[in-house]
Each structure stands twice: as C-alpha cells, then as structure tokens.
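**Q** Got a file for you: data.txt, compact mmCIF, C-alpha atoms.
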# COMPACT_ATOMS: atom_id res chain seq x y z
CA MET A 1 67.81 77.56 -51.73
CA SER A 2 66.32 80.82 -52.86
CA SER A 3 69.68 82.57 -52.77
CA LYS A 4 70.99 80.07 -55.30
CA VAL A 5 68.06 80.41 -57.60
CA ARG A 6 67.82 84.16 -57.72
CA PRO A 7 71.00 85.09 -59.65
CA TRP A 8 70.37 82.24 -62.03
CA LEU A 9 66.88 83.48 -62.74
CA ASP A 10 68.14 86.99 -63.08
CA GLY A 11 71.00 86.42 -65.48
CA ARG A 12 68.92 84.52 -67.94
CA GLY A 13 66.69 85.58 -70.78
CA PRO A 14 65.06 88.97 -71.22
CA SER A 15 65.55 90.16 -67.68
CA ASN A 16 62.94 92.87 -67.50
CA TYR A 17 59.95 91.37 -69.13
CA VAL A 18 58.37 89.95 -66.03
CA ALA A 19 59.12 93.06 -64.02
CA GLY A 20 57.68 95.33 -66.65
CA ASP A 21 54.52 93.32 -66.84
CA PHE A 22 53.95 93.38 -63.11
CA LYS A 23 54.85 97.01 -62.85
CA LYS A 24 52.24 98.02 -65.35
CA ARG A 25 49.67 96.06 -63.48
CA THR A 26 50.42 97.32 -60.02
CA ASP A 27 50.96 100.99 -60.68
CA GLY A 28 47.27 101.69 -60.70
CA ASP A 29 46.29 100.22 -57.36
CA GLY A 30 47.34 101.44 -53.94
CA LEU A 31 48.47 98.11 -52.63
CA THR A 32 52.18 98.30 -53.43
CA GLY A 33 52.94 99.43 -49.89
CA GLN A 34 51.69 96.16 -48.51
CA GLY A 35 53.91 94.15 -50.76
CA GLY A 36 56.84 96.39 -49.93
CA CYS A 37 56.60 95.55 -46.26
CA VAL A 38 56.83 91.86 -46.93
CA ALA A 39 59.70 92.29 -49.32
CA ASP A 40 61.66 94.45 -46.87
CA LYS A 41 61.38 91.83 -44.20
CA ASN A 42 62.84 89.21 -46.49
CA GLY A 43 65.45 91.53 -47.92
CA PRO A 44 68.58 91.32 -45.74
CA ASP A 45 69.28 87.61 -45.85
CA GLY A 46 69.06 87.59 -49.63
CA THR A 47 71.47 90.48 -50.13
CA GLY A 48 73.95 89.12 -47.59
CA LYS A 49 74.49 85.92 -49.51
CA THR A 50 74.37 86.98 -53.11
CA GLY A 51 76.65 89.97 -52.61
CA ARG A 52 79.67 87.69 -52.21
CA GLY A 53 80.93 87.65 -55.82
CA LYS A 54 81.03 90.69 -58.09
CA GLN A 55 79.63 93.15 -55.63
CA HIS A 56 78.45 96.01 -57.71
CA GLU A 57 76.64 93.98 -60.29
CA ALA A 58 75.09 91.84 -57.62
CA ASP A 59 73.77 94.91 -55.84
CA ILE A 60 72.10 96.15 -58.96
CA ARG A 61 70.67 92.75 -59.59
CA ASP A 62 69.38 92.53 -56.05
CA ASP A 63 67.72 95.88 -56.30
CA ASP A 64 66.07 94.79 -59.46
CA LEU A 65 65.09 91.54 -57.87
CA GLU A 66 63.68 93.22 -54.77
CA ARG A 67 61.61 95.51 -56.90
CA ARG A 68 60.31 92.60 -58.87
CA ARG A 69 59.48 90.60 -55.80
CA ARG A 70 57.67 93.54 -54.31
CA ASP A 71 55.67 93.91 -57.48
CA LEU A 72 54.93 90.23 -57.53
CA GLU A 73 53.70 90.26 -53.94
CA ALA A 74 51.47 93.21 -54.65
CA SER A 75 50.01 91.74 -57.77
CA LEU A 76 49.41 88.43 -56.02
CA ALA A 77 47.71 90.26 -53.18
CA THR A 78 45.39 92.04 -55.57
CA ARG A 79 44.60 88.87 -57.46
CA ARG A 80 43.96 86.50 -54.61
CA PRO A 81 40.62 87.86 -53.29
CA ASP A 82 39.26 88.04 -56.82
CA ARG A 83 39.95 84.41 -57.47
CA LEU A 84 38.38 83.30 -54.21
CA GLU A 85 35.26 85.34 -54.80
CA GLY A 86 34.91 83.96 -58.28
CA LYS A 87 35.10 80.43 -56.95
CA ASP A 88 32.46 81.15 -54.34
CA ASP A 89 30.13 82.62 -56.90
CA ALA A 90 30.43 79.60 -59.13
CA LYS A 91 29.67 77.35 -56.20
CA THR A 92 26.59 79.21 -55.02
CA GLY A 93 25.40 79.43 -58.61
CA SER A 94 25.00 75.76 -59.41
CA VAL A 95 25.43 73.25 -56.65
CA ALA A 96 24.32 75.09 -53.55
CA GLY A 97 21.35 76.49 -55.46
CA TYR A 98 20.30 72.99 -56.44
CA GLY A 99 20.63 71.84 -52.85
CA GLN A 100 18.72 74.84 -51.58
CA ALA A 101 15.86 74.27 -54.03
CA LEU A 102 15.52 70.62 -53.04
CA LYS A 103 15.69 71.51 -49.38
CA LEU A 104 12.99 74.14 -49.52
CA SER A 105 10.63 72.11 -51.67
CA SER A 106 10.96 69.04 -49.48
CA GLU A 107 10.25 71.16 -46.39
CA PHE A 108 7.13 72.60 -47.97
CA ILE A 109 5.78 69.28 -49.21
CA ALA A 110 6.53 67.57 -45.91
CA GLY A 111 4.45 70.16 -44.06
CA ILE A 112 1.44 69.66 -46.30
CA VAL A 113 1.72 65.88 -46.32
CA VAL A 114 1.98 65.66 -42.56
CA GLY A 115 -0.92 68.08 -42.06
CA ALA A 116 -3.14 66.17 -44.46
CA ALA A 117 -2.16 62.82 -42.95
CA LEU A 118 -2.92 64.02 -39.43
CA GLY A 119 -6.30 65.38 -40.56
CA TRP A 120 -7.11 62.18 -42.37
CA PHE A 121 -6.14 60.15 -39.31
CA ILE A 122 -8.38 62.28 -37.07
CA ASP A 123 -11.20 61.73 -39.55
CA ARG A 124 -10.70 58.00 -39.38
CA VAL A 125 -10.67 57.93 -35.60
CA ALA A 126 -13.40 60.49 -34.86
CA GLY A 127 -15.53 60.01 -37.95
CA THR A 128 -15.60 63.70 -38.78
CA SER A 129 -14.90 63.23 -42.47
CA PRO A 130 -14.17 65.39 -44.42
CA TRP A 131 -13.54 68.25 -41.97
CA GLY A 132 -10.39 66.83 -40.42
CA LEU A 133 -8.75 66.49 -43.79
CA ILE A 134 -9.72 70.01 -44.85
CA VAL A 135 -8.52 71.63 -41.65
CA GLY A 136 -5.44 69.43 -41.65
CA LEU A 137 -4.57 70.45 -45.19
CA LEU A 138 -4.92 74.13 -44.34
CA LEU A 139 -2.85 73.82 -41.19
CA GLY A 140 -0.34 71.71 -43.09
CA PHE A 141 -0.05 74.45 -45.67
CA GLY A 142 0.67 76.90 -42.87
CA ALA A 143 3.26 74.53 -41.42
CA GLY A 144 4.84 74.07 -44.84
CA VAL A 145 5.22 77.81 -45.32
CA LEU A 146 6.62 78.07 -41.81
CA ASN A 147 9.09 75.28 -42.58
CA VAL A 148 10.27 77.00 -45.73
CA LEU A 149 10.69 80.38 -44.07
CA ARG A 150 12.44 78.77 -41.14
CA SER A 151 14.89 76.81 -43.20
CA ALA A 152 15.59 79.91 -45.29
CA GLY A 153 16.44 81.69 -42.03
CA LEU A 154 13.68 84.26 -42.29
CA VAL A 155 11.70 83.14 -39.21
CA SER A 156 12.99 82.32 -35.76
CA GLU A 157 13.77 78.76 -34.79
CA PHE A 158 11.62 76.51 -32.66
CA GLY A 159 10.96 77.86 -29.20
CA THR A 160 12.73 81.19 -29.70
CA GLY A 161 10.76 84.32 -30.26
CA ASP A 162 13.22 86.90 -31.49
CA LYS A 163 16.31 86.20 -33.53
CA PRO A 164 16.35 84.07 -36.65
CA ARG A 165 19.14 81.57 -36.96
CA ASP A 166 21.84 81.89 -39.57
CA PRO A 167 20.40 81.10 -42.98
CA LYS A 168 23.35 78.87 -43.81
CA GLU A 169 22.94 75.29 -42.92
CA MET B 1 22.80 43.58 -77.60
CA ALA B 2 19.18 43.95 -76.55
CA ALA B 3 19.19 47.68 -76.14
CA ASP B 4 15.50 48.48 -76.49
CA LYS B 5 14.59 47.41 -72.97
CA VAL B 6 16.17 49.73 -70.44
CA ASP B 7 14.29 49.86 -67.17
CA PRO B 8 15.58 52.65 -64.94
CA ILE B 9 13.54 51.43 -61.96
CA HIS B 10 14.86 47.90 -62.04
CA GLN B 11 17.90 48.80 -59.99
CA PHE B 12 15.72 49.57 -56.96
CA GLN B 13 14.01 46.19 -56.81
CA ILE B 14 14.40 44.26 -53.61
CA HIS B 15 14.71 40.52 -53.87
CA PRO B 16 15.33 38.03 -51.09
CA ILE B 17 18.66 36.29 -50.98
CA ILE B 18 17.96 34.02 -48.01
CA PRO B 19 14.17 33.64 -47.54
CA ILE B 20 13.17 33.67 -43.88
CA HIS B 21 9.52 33.53 -42.81
CA ILE B 22 8.69 33.70 -39.13
CA GLY B 23 5.11 33.71 -37.91
CA GLY B 24 3.64 34.98 -41.17
CA TYR B 25 6.16 37.83 -41.46
CA ASP B 26 8.61 38.00 -44.29
CA LEU B 27 11.97 38.56 -42.61
CA SER B 28 14.06 37.49 -45.57
CA PHE B 29 17.65 38.56 -45.90
CA THR B 30 17.40 40.77 -48.98
CA ASN B 31 19.86 42.54 -51.21
CA SER B 32 19.04 45.71 -49.28
CA ALA B 33 20.01 44.03 -46.03
CA LEU B 34 23.16 42.74 -47.65
CA PHE B 35 24.20 46.20 -48.70
CA MET B 36 23.35 47.65 -45.29
CA LEU B 37 25.66 45.06 -43.79
CA ALA B 38 28.28 45.89 -46.41
CA THR B 39 27.92 49.58 -45.57
CA VAL B 40 28.45 48.98 -41.89
CA ALA B 41 31.33 46.62 -42.60
CA VAL B 42 33.07 49.04 -44.98
CA ALA B 43 32.63 52.02 -42.67
CA ALA B 44 33.79 50.10 -39.59
CA ALA B 45 36.68 48.44 -41.38
CA PHE B 46 37.85 51.71 -42.90
CA LEU B 47 37.78 53.56 -39.60
CA TYR B 48 39.36 50.68 -37.71
CA LEU B 49 42.14 49.96 -40.17
CA SER B 50 42.96 53.57 -40.97
CA THR B 51 43.34 54.48 -37.32
CA SER B 52 45.03 51.27 -36.20
CA SER B 53 48.56 52.63 -36.61
CA ARG B 54 47.76 55.57 -34.31
CA SER B 55 50.73 57.53 -35.55
CA LEU B 56 51.22 61.04 -34.26
CA VAL B 57 51.75 62.31 -37.78
CA PRO B 58 48.83 60.73 -39.62
CA GLY B 59 49.23 58.98 -42.94
CA ARG B 60 46.79 59.55 -45.76
CA LEU B 61 44.06 57.19 -44.62
CA GLN B 62 44.41 58.11 -40.99
CA SER B 63 44.08 61.78 -41.79
CA VAL B 64 40.92 61.03 -43.77
CA SER B 65 39.31 59.44 -40.74
CA GLU B 66 40.59 62.21 -38.50
CA MET B 67 39.11 64.75 -40.87
CA ALA B 68 35.76 62.97 -40.78
CA TYR B 69 35.91 62.93 -36.99
CA GLU B 70 36.74 66.62 -36.71
CA PHE B 71 34.23 67.54 -39.37
CA VAL B 72 31.35 65.91 -37.52
CA GLY B 73 32.68 67.05 -34.16
CA ASN B 74 32.82 70.69 -35.22
CA MET B 75 29.42 70.43 -36.84
CA LEU B 76 27.87 69.11 -33.66
CA ARG B 77 29.70 71.61 -31.45
CA ASP B 78 28.58 74.51 -33.62
CA ALA B 79 24.96 73.43 -33.72
CA ALA B 80 24.35 72.05 -30.25
CA GLY B 81 27.23 73.33 -28.08
CA THR B 82 29.63 71.21 -26.05
CA GLN B 83 26.71 69.53 -24.28
CA GLY B 84 25.76 68.08 -27.63
CA MET B 85 29.01 66.11 -27.76
CA LYS B 86 27.38 63.30 -25.79
CA PHE B 87 25.50 62.57 -29.00
CA PHE B 88 28.69 62.43 -31.01
CA PRO B 89 28.73 58.63 -31.47
CA PHE B 90 25.16 58.75 -32.70
CA VAL B 91 25.69 61.57 -35.19
CA PHE B 92 29.00 60.19 -36.39
CA SER B 93 27.51 56.74 -37.00
CA LEU B 94 24.60 58.24 -38.89
CA PHE B 95 26.91 60.38 -40.99
CA MET B 96 29.23 57.52 -41.84
CA PHE B 97 26.35 55.16 -42.58
CA VAL B 98 24.62 57.56 -44.95
CA LEU B 99 27.87 58.62 -46.58
CA VAL B 100 29.16 55.10 -47.16
CA ALA B 101 25.74 53.88 -48.31
CA ASN B 102 25.52 56.73 -50.83
CA LEU B 103 29.03 56.14 -52.08
CA LEU B 104 28.59 52.37 -52.36
CA GLY B 105 25.44 52.99 -54.37
CA LEU B 106 27.51 54.77 -57.01
CA PHE B 107 29.24 51.55 -58.03
CA PRO B 108 27.65 49.86 -61.04
CA TYR B 109 25.43 46.89 -60.15
CA PHE B 110 25.42 47.90 -56.49
CA PHE B 111 22.23 48.46 -54.60
CA THR B 112 21.65 51.92 -53.12
CA VAL B 113 20.29 51.45 -49.63
CA THR B 114 19.35 55.10 -49.16
CA SER B 115 17.19 55.15 -52.30
CA HIS B 116 14.38 53.48 -50.37
CA ILE B 117 12.26 55.83 -48.35
CA ILE B 118 11.63 53.33 -45.61
CA VAL B 119 15.36 53.17 -44.87
CA THR B 120 15.81 56.92 -44.76
CA PHE B 121 12.59 57.29 -42.80
CA GLY B 122 13.87 54.74 -40.34
CA LEU B 123 17.03 56.80 -39.84
CA ALA B 124 15.02 60.02 -39.51
CA ALA B 125 12.62 58.38 -37.05
CA LEU B 126 15.62 57.31 -35.01
CA VAL B 127 16.79 60.93 -34.91
CA ILE B 128 13.44 62.41 -34.00
CA GLY B 129 12.78 59.61 -31.50
CA THR B 130 16.06 60.44 -29.79
CA VAL B 131 15.13 64.12 -29.74
CA VAL B 132 11.69 63.49 -28.22
CA VAL B 133 12.80 60.89 -25.67
CA TYR B 134 15.85 62.85 -24.56
CA GLY B 135 13.89 66.11 -24.50
CA PHE B 136 11.25 64.71 -22.19
CA MET B 137 13.85 62.94 -20.05
CA LYS B 138 15.90 66.08 -19.58
CA HIS B 139 13.22 68.76 -19.36
CA GLY B 140 10.03 66.87 -18.54
CA LEU B 141 6.98 68.78 -19.69
CA GLY B 142 9.18 71.83 -20.20
CA PHE B 143 10.11 70.26 -23.51
CA LEU B 144 6.65 71.28 -24.76
CA LYS B 145 7.79 74.91 -24.58
CA LEU B 146 9.35 74.09 -27.92
CA PHE B 147 5.92 74.43 -29.49
CA VAL B 148 5.06 77.76 -27.88
CA PRO B 149 6.90 80.68 -29.45
CA HIS B 150 7.42 83.78 -27.31
CA GLY B 151 5.33 86.85 -27.84
CA VAL B 152 2.31 85.27 -29.50
CA PRO B 153 -1.12 86.66 -28.50
CA VAL B 154 -3.16 84.23 -26.41
CA TYR B 155 -6.07 84.01 -28.85
CA LEU B 156 -3.69 82.91 -31.63
CA LEU B 157 -1.92 80.37 -29.44
CA PRO B 158 -4.00 77.25 -30.30
CA LEU B 159 -3.54 77.83 -34.01
CA VAL B 160 0.17 78.57 -33.70
CA VAL B 161 0.78 75.58 -31.48
CA LEU B 162 -1.04 73.31 -33.93
CA ILE B 163 1.04 74.61 -36.80
CA GLU B 164 4.23 74.26 -34.78
CA VAL B 165 3.35 70.67 -33.91
CA ILE B 166 2.70 69.84 -37.56
CA SER B 167 5.94 71.56 -38.47
CA PHE B 168 7.79 69.47 -35.89
CA VAL B 169 6.21 66.24 -37.09
CA SER B 170 7.07 67.12 -40.67
CA ARG B 171 10.77 67.25 -39.81
CA PRO B 172 11.52 63.54 -40.04
CA VAL B 173 9.40 63.41 -43.19
CA SER B 174 11.33 66.16 -44.93
CA LEU B 175 14.62 64.77 -43.63
CA SER B 176 13.93 61.34 -45.07
CA VAL B 177 12.24 62.52 -48.26
CA ARG B 178 15.18 64.77 -49.09
CA LEU B 179 17.79 62.03 -48.85
CA PHE B 180 15.61 59.46 -50.58
CA ALA B 181 14.53 61.78 -53.41
CA ASN B 182 18.08 62.89 -54.10
CA MET B 183 19.40 59.38 -54.36
CA LEU B 184 16.43 58.06 -56.33
CA ALA B 185 16.36 60.92 -58.83
CA GLY B 186 20.10 60.86 -59.30
CA HIS B 187 20.25 57.13 -59.99
CA ILE B 188 17.27 57.20 -62.34
CA THR B 189 18.77 60.09 -64.32
CA LEU B 190 22.09 58.32 -64.53
CA LYS B 191 20.40 55.15 -65.72
CA VAL B 192 18.30 56.96 -68.31
CA PHE B 193 21.27 58.72 -69.82
CA SER B 194 23.32 55.53 -69.87
CA GLY B 195 20.33 53.86 -71.54
CA PHE B 196 20.44 56.53 -74.25
CA VAL B 197 24.05 55.62 -74.96
CA VAL B 198 23.16 51.97 -75.46
CA SER B 199 20.05 52.52 -77.57
CA LEU B 200 21.66 55.20 -79.73
CA SER B 201 24.73 53.15 -80.47
CA ALA B 202 22.48 50.36 -81.74
CA LEU B 203 21.42 52.66 -84.60
CA GLY B 204 24.62 52.37 -86.60
CA ALA B 205 27.44 54.80 -87.27
CA VAL B 206 25.37 57.99 -86.85
CA GLY B 207 23.98 56.68 -83.59
CA VAL B 208 27.42 55.85 -82.28
CA ALA B 209 28.56 59.38 -83.10
CA GLY B 210 25.46 60.82 -81.45
CA SER B 211 25.82 58.70 -78.35
CA VAL B 212 28.86 60.73 -77.35
CA LEU B 213 26.53 63.42 -76.03
CA PRO B 214 24.60 61.30 -73.50
CA LEU B 215 27.87 59.61 -72.58
CA ALA B 216 29.38 62.97 -71.70
CA MET B 217 26.23 63.76 -69.76
CA ALA B 218 26.47 60.48 -67.88
CA VAL B 219 30.08 61.23 -66.94
CA ALA B 220 29.11 64.69 -65.71
CA LEU B 221 26.16 63.24 -63.79
CA THR B 222 28.41 60.72 -62.11
CA ALA B 223 30.52 63.56 -60.80
CA LEU B 224 27.40 65.38 -59.65
CA GLU B 225 26.15 62.23 -57.94
CA LEU B 226 29.42 61.91 -56.08
CA LEU B 227 28.94 65.44 -54.84
CA VAL B 228 25.30 64.81 -53.95
CA ALA B 229 26.33 61.70 -52.00
CA PHE B 230 28.60 63.83 -49.80
CA LEU B 231 26.21 66.74 -49.64
CA GLN B 232 23.23 64.68 -48.54
CA ALA B 233 25.18 62.89 -45.85
CA TYR B 234 26.35 66.29 -44.64
CA VAL B 235 22.85 67.77 -44.72
CA PHE B 236 21.45 64.79 -42.87
CA ALA B 237 24.08 65.13 -40.16
CA VAL B 238 23.68 68.91 -39.88
CA LEU B 239 19.92 68.67 -39.49
CA THR B 240 20.35 65.92 -36.92
CA CYS B 241 22.60 68.26 -34.96
CA MET B 242 20.05 71.07 -35.17
CA TYR B 243 17.23 68.83 -33.97
CA LEU B 244 19.36 67.53 -31.12
CA ASN B 245 19.99 71.14 -30.19
CA ASP B 246 16.22 71.53 -29.74
CA ALA B 247 16.20 68.57 -27.40
CA LEU B 248 19.07 70.02 -25.37
CA HIS B 249 17.80 73.59 -25.20
CA PRO B 250 14.07 73.90 -25.86
CA GLY B 251 13.02 77.53 -25.78
CA HIS B 252 16.47 78.83 -24.87
Starting from the file, lay out its structure as structure tokens.
**A**
Amino acid sequence: MSSKVRPWLDGRGPSNYVAGDFKKRTDGDGLTGQGGCVADKNGPDGTGKTGRGKQHEADIRDDDLERRRRDLEASLATRRPDRLEGKDDAKTGSVAGYGQALKLSSEFIAGIVVGAALGWFIDRVAGTSPWGLIVGLLLGFGAGVLNVLRSAGLVSEFGTGDKPRDPKE
Amino acid sequence: MAADKVDPIHQFQIHPIIPIHIGGYDLSFTNSALFMLATVAVAAAFLYLSTSSRSLVPGRLQSVSEMAYEFVGNMLRDAAGTQGMKFFPFVFSLFMFVLVANLLGLFPYFFTVTSHIIVTFGLAALVIGTVVVYGFMKHGLGFLKLFVPHGVPVYLLPLVVLIEVISFVSRPVSLSVRLFANMLAGHITLKVFSGFVVSLSALGAVGVAGSVLPLAMAVALTALELLVAFLQAYVFAVLTCMYLNDALHPGH
C-alpha cells in the first residue's frame, strides 16, 4: 500500500515544505543516525517497486522521500519521550496527588482513632480512667506517624527490619 | 420548582423496602441491601455473559473482563507472589464488588453502597480477618513476628510492639475510612454543585446565565468521580494484596 501512496504524496503540492520543516528541527540534535537505521531497513522494497516507471525521476523522488522519512523518524523519536513525560507530570500533579493526600491523612487519623479507642476500652474494662486514654492517644499518635511514613515508603514494612518497600502503591 | 430545599445528605438515607423484624432485631430489606444485590447481580451477569462466548480472539466485552482478570491477577502476583494466587477469588470478588458499587452509585437516584462506613468496614474486616486467621493457621504463633521488627533494642521492644499492634489494628480502619470518605465527599460535592445550578436558575435570567459555572463544575466533578470510583476500587484491592502478603510471609 505504501508504495502506491508515496509517489502520489510526492508529486503533489509544494514538495519540500514538510522536508524542510523537519530538517530544520532535526539538524540540531544527534539523533538522526537512529532514524537513518530504521529508514535504511525499509528502503529496498520501496525503491524496487516505485522504480518501474520513469526511472531517473523516480530515483530522485525516492531519495527525497527516504531523506524525508529519515527526518520524520528522527523527529518523532525526539518528540515521543517528551510527550510521555508531560503526560506523567500532569497525572502526578492533580489526581495522584489528591489520592496520596487522602491516603496519608486517613492513615494518620486511623492510627490516632484506634489508639484512643483501645485506651478508652482499657479504661472501661480496668477502671484506670483517664490514664488508658492518655497513653492510648500518645501511642496512637506514634502509630499514626508510623502508618504515614510506612505508606509513603520511608519506613520498612511490617516484620522487616531493613529495606523499605517501593513507595508506589 | 422548589429549589430552595436541597439536602445533600438525603441521598444517603437508608429506608426499609420490605420490613423484617426477627427477635427484636431489625433485619429489614433496605435500599442499601437492594443495591448490594444489584451490585452482585450486575458484576456476576457482566462477567458471565461477557465470557460466555469463550472465543479465542476476545470481543470487546470479553476483553474487558479478561483485562479485569489480568489486572487483579498481576496486582496480586506482584504484591504477594505466586502463593498469593490462592486468594485470587477473594481479591477479585472484592475488587469487582467495590468497583461496580462505586460505578452504580454514579447513576442519578441510585444509592451508593460504599458511602456507608459500616459497609466498607465490613469489607475491610473481612480482609483483616482473613489475614489474621490465615496467618495463625499457616504460621501459628510465628505470625506474631509481624509485630516485632528486626534490630530493635530490647528495652524499646514493649513500646515498639504496642505501636506496631495499634498500627496493624488501624489498617482496616484506614482502609474502610478511605473508601467511605472518598465516596461520601464526592457525592456530597456533586450534589451541592448541582443544587447551585437549580437554585441559581430560579433567580431569573442572570441566575440562569450564572448557573453555567456550577453546571460546568458538576460535569467536571462527575468525570473526577468516575476516576475516583476506579481508583478507590484499585487502592482497596492493592492494599488487600499487601495485607495478604503479610499473612503469607510474616517477617520474611
């Protein structure tokens, strides 16, 4: 299919405006070699088919086309990582940040609530009011901080002493 | 239209549909129960029907269920290893239940099951109960090593163990509070902004023009809620996997 499309694309309109644009863009960076490899691999089958008619003109056209394709590959290669990174940044900026904030705050509050509830329960059972609640709140605060650090990946997981888990979740 | 009375909490009210009282307990079939049943029915019907053709090259629906399967499977395998795959039915059911319940709740006039903390706490208690029971079954008292970090000085051990125990007990609380708070806050916000649209447009031409802003906000919030519905189901399932990992390998 591509062999049919190429001459048609080439013979139409201002033939060098795309090429010029890409050339300007890719001259500066060192990535043209990469694109060249890909283009060379694809080269032979294209030239074999399109060279059937007026040979000389077709050769020139093919050269032009190869150059353009190489430039296109290179410029695509330089653009692709940028786009992906930009997308990632946008994602971590809004949504994941919101999720992270909710996660950390719920971990912290859960620690305190559970500590206080346990202390209060011990008070009820043993009649040591208000000491159980006070100690429970303090310990719960400690547990809340531990929860937050753990879910942020800064402290090791349960039962392990050394390596923290990946911060992603 | 009576626009002055917009109650954002009204949507969370539980009312009995079929009153059942047994031995002094109120066991009525409520709207919450109805939507739990609907959730289970929708999830089961979707998975059953979409996979019923069993074609080698999946159609659209079949590939959605296969994606869900692989998604949860990979999640569990990453977090708890291949041994964790024995819990796959459990995690997958939880994931599908929470996901479908969240998504059903996005429909207007539908009840959001996961916006009640007792429901999410029930799910979280199920998870943590599984972890504790399986941990003791598999490792006996060795499961308690979970609460004793390596390399802690002996004189600090009582304090550290207490804190670790509280931290462990707080897990189901934070798990349930997170899901519940997300759904509750999202639905209240959505309701409030939709309420603004109604009350503003009752103020005449200027109000109608002004109500475009909260309407746009409500549309954006709906999209956000859709995302949150997925995200919270995912987070719930991931944390379940991590807790199950503790039951499988305490103090690895």
**Q** Have a look at B:Phe193, B:Tyr243, B:Phe180, B:Tyr109 and name the one nearest to Ser106 in chain A; count all atoms listed in the file.
**A**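 Of B:Phe193, B:Tyr243, B:Phe180, B:Tyr109, the one nearest Ser106 in chain A, counting all atoms listed in the file, is B:Phe180.
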**Q** Which residue out of B:Val197, B:Ile118, B:Val100, B:Leu157 has the minimum interatomic distance to Pro172 in chain B when all atoms listed in the file are used?
**A** B:Ile118
**Q** Please list as a VMD selection string every residue within 9 Å of Ser176 in chain B, counting only C-alpha atoms and excluding residues in the same chain fewer than 4 positions away.
**A** chain B and resid 117 to 125 171 to 172 180 to 181 236
**Q** Pull out every residue of chain B that has at least one atom within 7 Å of chain A, counting all atoms listed in the file, and report them as a list of chain:residue names.
**A**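 That gives the following set of residues: B:Lys145, B:Leu146, B:Phe147, B:Val148, B:Pro149, B:His150, B:Gly151, B:Ile163, B:Glu164, B:Ile166, B:Ser167, B:Val169, B:Ser170, B:Val173, B:Ser174, B:Val177, B:Arg178, B:Pro250, B:Gly251, B:His252.
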**Q** Quick one: distance from CA of Ser115 in chain B to CA of Asn102 in chain B in Å, one decimal?
**A**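 That distance, rounded to one decimal, is 8.6 Å.
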**Q** Residues within 7 Å of Ala101 in chain B, please, as a list in words. Count all atoms listed in the file; anything in the same chain fewer than 5 positions from it doesn't count.
**A**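 Within the cut-off, the hits are Thr39, Thr112, Val113 and Thr114 of chain B.
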